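Notes to accompany the following structure.
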Amino acid sequence: MARSGRNSAAKRTLIWLGVLIAVLTAALGGGVLSNQASWAPKLALDLEGGTQMILAPKVQGGGSQITSEQLDQAVEIIRQRVDGSGVAEAEISTQSGRNVIVSLPGVPDEKTRDLIQASAAMEFRPVLAAASGAAVPKESRTPEAELPKPSGKPANASDLNWITPELYQEMEARDCTDPATIAAASEEPSDPKKPMIACEPDTGQKYILGPVEVPGTDIQDASFGQVRGNQGQSLNQWAVNIEFNGEGTQTFKSVTERLFGLTGAQNQFAIVLDGTVISAPTTNAVIPDGRPQITGNFTEESARALSEQLKYGALPISFDIQSETQISATLGSEQLRMGVIAGLIGLLLVAIYSFFQYRMLGFVTIASLVVAGILTYLAIALLGWTENYRLSLAGVAGLIVAIGQTADSFIVYFERIRDELRDGRGLVSAVDNGWKRAKRTVLASKAVNLLAAVVLYFVAVGNVRGFAFTLGLTAIADLVVVFLFTHPVMMLLARTKFFGEGHRFSGLDPKRLGVVPLYRGAGRIRQPGEGTPKPRGKTAGAAAEAQRRQTIAERRAAAEKERAAAVSGRSTDKESN
Amino acid sequence: MPNFATFGNELYSGKRSYPFVQKYKLWFIIAGAAVLLSIIIPVAKGGFNLGIDFRGGSEFTVSQTQNTDLSLGKDAVTAVEPALDPEVTNIAPNTVRIQTEQLSDDQTLAVRDGLIKAYGVKADQVTSNFVGPTWGADVTRQALWGLVVFVALAAVLMAIYFRTWKMSAAALAGMGVVMIVTAGLYSLIGFEVTPSAIIGFLTVLSYSLYDTVVVFDKVRENTADIATSTRRTFDEEVNLAINQTLVRSINTSVVGVLPVASILFIGALLLGAGTLKDLSLSLFIGIIIGTATTVFIAAPLYARLRTNEPALVQQAKKVRLRREQEAKARETAGESATA
């Protein structure tokens with residue numbers, strides 16, 4: 001039977017929707033149970049309270065363009081610094097590849113603010129002494145008398161006379177196995193003219209380093225690749241290549257001339273970024289052409305990472321605060337409350353209006369909106385968990401605005417069904433035909449909506465990006481709901497007695513839609529016999545099903561006749577006017 | 001609302017018809033005048049009421065305060081820096097906003113403390129906000145980029161979907177009217193232009209196109225067999241499509257405006273200036289103008305763009321011919337009946 005086939009198709013679609021919601025809920029539930037997610041969506045700063053800073057990168061010395069890799073490096077450095085300063089839950093991200101957004105709970109102090117803005121310096125320093133990372137236990141530290149004592153003023157950067165007893169003691173006490181120590185290293189900028197102690201997190205070593213010999217800004221470029229042998233064959237070993245500018249080439253040549261002659265730790269030089277050693281290679285040759293190659297136990301990944309860090313060193317970035325907003329937690333929750341109230345009022349108004357316009361069909365609208373709401377809520381909560389998406393006030397506004405645009409899909413659909421009814425179709429075929437036409441319109445118009453949301457999302461700066469995001473999300477939810485909920489529900493409802501017979505309150509009453517009786521021209525009423533009036537009221541009873549099926553074809557034929565008559569009638573009216 | 005359904009029936013059957021296409025001159029003159037005014041007003045008034053994001057400066061908001069004496073806020077700023085002339089406004093019940101030129105970090109903290117003392121509020125009831133002078137320019141540039149990219153993509157999308165560039169052009173012209181008139185209204189009334197308002201504005205453009213696509217889809221449907229049909233002329237078919245979707249247009253804009261109005265109400269009355277109010281205000285104005293433009297400008301313009309195509313001129317002639325013949329036939333029939 002065609003009818004039951006369609007019925008079950010509609011039911012199957014609804015089951016798929018149920019499965020979709022169940023899967024999303026289960027995924028989120030799993031996250032909640034494993035304490036990784038929460039049922040509530042994550043909130044952005046303007047709803048939760050805190051400080052948001054929007055930073056624009058600025059190259060020291062100006063001029064050069066900042067690539068997105070350099071910006072990512074800068075963000076990584078800011079993240080380490082902020083984490084090191086003990087601010088919990090700070091969030092740092094780039095936006096549109098141009099700005100950096102820093103979100104902090106509470107109000108940041110002067111020190112944190114400076115840390116965020118300052119540029120990170122990269123420098124090359126000679127190694128004076130090296131030791132393994134852990135702090136030397138108090139009892140086994142070098143006694144006072146045996147500490148190295150400078151015998152005079154240091155002659156060059158590699159001179160061991162830089163090591164004072166205090167410096168040596170500090171080195172022994174330094175614990176490079178503690179992440180907090182490494183994070184803290186970035187806080188106090190070191191004096192380039194003085195020696196310093198630094199950790200190398202990758203190897204767990206710690207070093208006493210001489211004064212800066214080559215600043216990172218002398219790096220022209222850095223790259224990575226496979227080491228080539230004498231005949232140009234690949235040695236299957238990764239290396240990082242540095243290229244110095246003119247000045248860097250000269251200085252680096254004299255540095256390597258000195259270091260090449262030294263032994264032990266003094267043969268090494270350290271590349272220091274933001275107070276931490278990122279690499280401390282040994283000097284295997286004098287480099288006269290300013291193109292040193294660093295080899296070692298690199299993987300492709302680590303070689304790339306180091307070359308990117310070196311590139312960043314060539315262009316230290318500092319930041320200007322573009323905009324800074326502080327919102328107290330109470331104001332944030334107040335705004336959220338107001339947003340939710342506004343949404344509920346909006347929903348209520350839409351519900352009342354669609355009930356007036358579409359009677360019981362209004363309930364289909366409301367049910368569809370509720371399903372769209374559930375889908376959107378789950379998506380936001382899931383994205384909060386997996387993508388760290390945070391709902392902002394602008395996002396809430398986007399959700400509320402979307403109520404109207406989502407409801408419009410249903411309006412388009414219902415109006416098409418009504419149009420088909422007015423053409424004299426029975427409800428079942430009106431739903432089928434109306435859907436065929438409405439589907440196209442809904443898809444085309446939602447494509448415009450989605451396009452706008454995507455474009456807005458990619459170009460928008462600042463908080464309002466959240467608005468574009470929710471707008472796009474709801475457009476997708478809307479499509480899902482129209483296809484998987486509203487249409488199958490309409491198919492099922494079309495077969496109920498209440499709707500199928502066009503009850504007065506169904507919103508699909510053919511009488512109201514001008515089908516029976518058909519008013520035509522100047523108040524003339526259709527003559528009996530031109531069409532079969534629908535059985536209505538109690539008398540219709542159980543026979544209605546069969547009778548309606550029988551009358552569809554008849555009624556269609558009659559409607560066709562009427563339409564032809566109406567058209568000619570109308571043109572007569574026009575001519576006579 | 002039984003009358004509304006009847007209204008819909010009459011519009012659908014063509015019994016009741018509003019001459020959207022036929023009276024195009026009137027609508028175009030009104031729109032032209034509105035566009036012209038919208039260009040003149042900002043020039044005459046010297047631009048827009050730009051928010052702090054475009055001017056740069058520091059802003060403090062004291063919320064939930066019992067005392068809304070504006071001079072307290074002014075004094076709190078001048079006590080820190082006598083040379084400043086802060087702008088203090090009561091933006092919502094129990095909310096006072098103080099805007100000044102850019103302050104240093106120390107000054108910001110000092111003014112904050114001053115405000116907390118002066119209004120006798122808790123520390124978390126005072127929000128501070130600082131915007132660099134280039135931020136607004138950044139937002140504007142990005143918004144313009146968004147506009148250009150969106151318009152280009154939407155034009156292509158519509159041209160492909162409707163298979164005629166003329167629909168694309170008409171829809172974009174309608175959108176242009178929405179854009180200019182909304183901007184003009186902002187300048188005329190002096191609403192504050194903020195980044196949120198700009199985003200709302202861009203959304204309005206998408207809404208305007210969205211609305212046009214729905215109506216144009218009906219136009220496409222009605223005019224699909226125009227070449228072989230002598231029922232109505234092209235202009236009449238377009239007009240019928242507008243009338244048939246009029247109930248949808250009204251319902252859509254009402255349903256679209258209701259939630260926006262509720263945000264505007266809450267935003268403006270209870271929260272004062274801010275994201276919610278700025279977004280919803282530009283949406284509120286834009287949705288109403290957008291719906292009107294689709295009906296009065298975009299669709300009639302599309303009809304105008306095509307009505308002089310040779311094939312359609314030919315078709316219009318055929319329709320006229322058929323009607324004349326039918327009228328004549330009826331006349332003779334009527335004569336014989338009366339005879």
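Simple scheme: letters A, B, ... for chains in structure tokens order, numbers from 1 for residues in each chain, numbers from 1 for ligands in the order shown.
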Inset, instruction - Tell me the residues of chain B close to chain A, meaning within 7 Å using only C-alpha atoms, as an MDAnalysis selection string. - result: chainID B and resid 1 5:6 9 124:125 127:132 135 139 142:143 146 150 154 196 199 206 210 213:214 217 248 252 255:256 258:260 262:263 266 275:276
Could you save the residues just selected, with N, CA and C atoms, as a compact mmCIF listing (two decimals), in the first residue's frame?
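Saved result, out_7.txt, follows:
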# COMPACT_ATOMS: atom_id res chain seq x y z
N MET B 1 -7.65 34.67 13.46
CA MET B 1 -7.68 35.73 12.46
C MET B 1 -8.23 35.20 11.14
N ALA B 5 -6.79 34.83 6.72
CA ALA B 5 -6.78 33.68 5.81
C ALA B 5 -7.53 34.04 4.53
N THR B 6 -8.67 34.73 4.68
CA THR B 6 -9.44 35.15 3.52
C THR B 6 -8.59 36.09 2.67
N ASN B 9 -6.37 34.09 0.72
CA ASN B 9 -7.03 33.42 -0.40
C ASN B 9 -7.20 34.37 -1.57
N ASP B 124 32.80 45.06 41.82
CA ASP B 124 32.43 44.34 40.60
C ASP B 124 31.24 44.97 39.88
N GLN B 125 30.77 46.11 40.39
CA GLN B 125 29.69 46.78 39.67
C GLN B 125 30.23 47.84 38.72
N THR B 127 32.56 48.37 35.51
CA THR B 127 33.30 47.72 34.43
C THR B 127 34.12 48.78 33.74
N SER B 128 35.30 48.41 33.31
CA SER B 128 36.06 49.37 32.54
C SER B 128 36.38 48.77 31.19
N ASN B 129 36.58 49.64 30.25
CA ASN B 129 36.70 49.22 28.87
C ASN B 129 37.67 50.18 28.22
N PHE B 130 38.62 49.64 27.50
CA PHE B 130 39.58 50.52 26.87
C PHE B 130 39.71 50.12 25.41
N VAL B 131 39.70 51.09 24.54
CA VAL B 131 39.79 50.79 23.12
C VAL B 131 40.85 51.66 22.48
N GLY B 132 41.76 51.03 21.77
CA GLY B 132 42.78 51.78 21.05
C GLY B 132 42.17 52.46 19.83
N TRP B 135 41.38 50.32 16.55
CA TRP B 135 40.52 49.15 16.62
C TRP B 135 39.28 49.29 15.74
N VAL B 139 37.82 47.07 12.62
CA VAL B 139 36.49 46.47 12.53
C VAL B 139 35.82 46.88 11.22
N GLN B 142 37.33 45.17 8.18
CA GLN B 142 36.91 43.78 8.11
C GLN B 142 35.45 43.67 7.67
N ALA B 143 34.63 44.60 8.18
CA ALA B 143 33.21 44.57 7.82
C ALA B 143 33.04 44.84 6.34
N GLY B 146 33.97 41.82 4.48
CA GLY B 146 32.89 40.85 4.60
C GLY B 146 31.78 41.17 3.62
N PHE B 150 30.71 38.77 0.64
CA PHE B 150 29.37 38.22 0.73
C PHE B 150 28.54 38.58 -0.51
N ALA B 154 27.09 35.90 -2.99
CA ALA B 154 25.63 35.80 -3.06
C ALA B 154 25.14 36.06 -4.48
N SER B 196 29.06 46.05 17.14
CA SER B 196 27.88 45.18 17.18
C SER B 196 26.84 45.65 16.18
N ILE B 199 27.81 44.54 12.74
CA ILE B 199 27.54 43.13 12.48
C ILE B 199 26.05 42.93 12.27
N SER B 206 22.07 40.08 4.79
CA SER B 206 21.82 38.67 4.50
C SER B 206 20.33 38.38 4.61
N TYR B 210 17.88 36.97 1.75
CA TYR B 210 17.13 35.76 2.10
C TYR B 210 15.66 35.96 1.76
N VAL B 213 15.07 36.06 -1.94
CA VAL B 213 15.16 34.75 -2.58
C VAL B 213 13.83 34.00 -2.49
N VAL B 214 13.18 34.09 -1.33
CA VAL B 214 11.91 33.38 -1.15
C VAL B 214 10.85 33.90 -2.13
N ASP B 217 11.71 33.03 -5.72
CA ASP B 217 11.50 31.63 -6.05
C ASP B 217 10.07 31.42 -6.55
N ARG B 248 3.08 35.44 3.38
CA ARG B 248 4.35 34.90 3.89
C ARG B 248 5.26 36.06 4.29
N THR B 252 6.53 36.45 7.93
CA THR B 252 7.97 36.32 8.17
C THR B 252 8.53 37.52 8.89
N VAL B 255 7.31 37.48 12.49
CA VAL B 255 7.99 36.46 13.28
C VAL B 255 9.48 36.81 13.46
N GLY B 256 10.06 37.43 12.42
CA GLY B 256 11.46 37.83 12.53
C GLY B 256 11.65 38.99 13.49
N LEU B 258 9.60 39.93 16.04
CA LEU B 258 9.19 39.73 17.43
C LEU B 258 10.36 39.40 18.36
N PRO B 259 11.20 38.38 18.04
CA PRO B 259 12.31 38.11 18.95
C PRO B 259 13.32 39.26 19.00
N VAL B 260 13.53 39.89 17.85
CA VAL B 260 14.47 41.01 17.82
C VAL B 260 13.95 42.14 18.70
N SER B 262 12.07 41.83 21.24
CA SER B 262 12.18 41.49 22.66
C SER B 262 13.62 41.68 23.15
N ILE B 263 14.61 41.42 22.28
CA ILE B 263 15.99 41.72 22.70
C ILE B 263 16.18 43.22 22.81
N ILE B 266 14.56 44.42 26.05
CA ILE B 266 15.37 44.06 27.22
C ILE B 266 16.70 44.82 27.19
N THR B 275 26.06 45.20 23.54
CA THR B 275 25.95 44.28 22.41
C THR B 275 24.49 44.03 22.03
N LEU B 276 23.66 43.68 23.03
CA LEU B 276 22.28 43.29 22.73
C LEU B 276 21.52 44.40 22.05
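Assigned to strand (DSSP E) in segment 129-180 of chain A, given DSSP computed from backbone atoms, are Ala129, Ala130, Ala131 and Ser132 of chain A.
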Please, could you write that set of residues out with N, CA and C atoms as a compact mmCIF listing (two decimals), in the first residue's frame?
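Now in result23.txt:
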# COMPACT_ATOMS: atom_id res chain seq x y z
N ALA A 129 78.95 26.57 31.35
CA ALA A 129 78.94 25.33 32.11
C ALA A 129 77.60 24.66 31.91
N ALA A 130 77.59 23.33 31.97
CA ALA A 130 76.34 22.60 31.81
C ALA A 130 76.20 21.60 32.94
N ALA A 131 74.97 21.29 33.32
CA ALA A 131 74.73 20.28 34.35
C ALA A 131 73.38 19.66 34.06
N SER A 132 73.11 18.50 34.69
CA SER A 132 71.80 17.92 34.47
C SER A 132 70.76 18.71 35.24
Inset, instruction - Find the residues around segment 19-34 of chain B up to 9 Å (only C-alpha atoms counted), leave out those fewer than 3 positions away in its own chain, and share them as a PyMOL selection string. - result: chain B and resi 37-39+177+180-181+184+235-236+238-239+242-243+293+295-297+299-301+303-304
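For the atom pair formed by atom CA of Val254 of chain B and atom CA of Gly362 of chain A, the distance is 14.4 Å, given to one decimal.
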Which residues in segment 184-231 of chain B does DSSP call helix (DSSP H, G or I)? List them as a JSON list (two decimals) with C-alpha atoms, in the first residue's frame.
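Listed below is the output, selection25.json:
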[["chain", "number", "residue", "atom", "x", "y", "z"],
["B", 184, "GLY", "CA", 20.72, 57.03, 6.71],
["B", 185, "LEU", "CA", 18.29, 56.31, 9.55],
["B", 186, "TYR", "CA", 21.22, 55.70, 11.88],
["B", 187, "SER", "CA", 22.65, 59.07, 10.98],
["B", 188, "LEU", "CA", 19.29, 60.86, 11.15],
["B", 189, "ILE", "CA", 18.29, 59.58, 14.58],
["B", 195, "PRO", "CA", 30.99, 47.05, 16.04],
["B", 196, "SER", "CA", 27.88, 45.18, 17.18],
["B", 197, "ALA", "CA", 25.68, 47.50, 15.16],
["B", 198, "ILE", "CA", 27.90, 46.89, 12.12],
["B", 199, "ILE", "CA", 27.54, 43.13, 12.48],
["B", 200, "GLY", "CA", 23.79, 43.52, 12.89],
["B", 201, "PHE", "CA", 23.90, 45.61, 9.76],
["B", 202, "LEU", "CA", 25.69, 42.90, 7.80],
["B", 203, "THR", "CA", 23.14, 40.37, 9.07],
["B", 204, "VAL", "CA", 20.37, 42.63, 7.80],
["B", 205, "LEU", "CA", 21.87, 42.46, 4.34],
["B", 206, "SER", "CA", 21.82, 38.67, 4.50],
["B", 207, "TYR", "CA", 18.26, 38.77, 5.78],
["B", 208, "SER", "CA", 17.25, 41.11, 2.98],
["B", 209, "LEU", "CA", 18.65, 38.77, 0.33],
["B", 210, "TYR", "CA", 17.13, 35.76, 2.10],
["B", 211, "ASP", "CA", 13.73, 37.40, 1.98],
["B", 212, "THR", "CA", 14.15, 38.30, -1.68],
["B", 213, "VAL", "CA", 15.16, 34.75, -2.58],
["B", 214, "VAL", "CA", 11.91, 33.38, -1.15],
["B", 215, "VAL", "CA", 9.77, 35.80, -3.17],
["B", 216, "PHE", "CA", 11.87, 35.38, -6.31],
["B", 217, "ASP", "CA", 11.50, 31.63, -6.05],
["B", 218, "LYS", "CA", 7.75, 32.08, -6.39],
["B", 219, "VAL", "CA", 8.32, 34.49, -9.27],
["B", 220, "ARG", "CA", 10.50, 31.87, -10.95],
["B", 221, "GLU", "CA", 7.77, 29.29, -10.49],
["B", 222, "ASN", "CA", 5.02, 31.53, -11.86]]
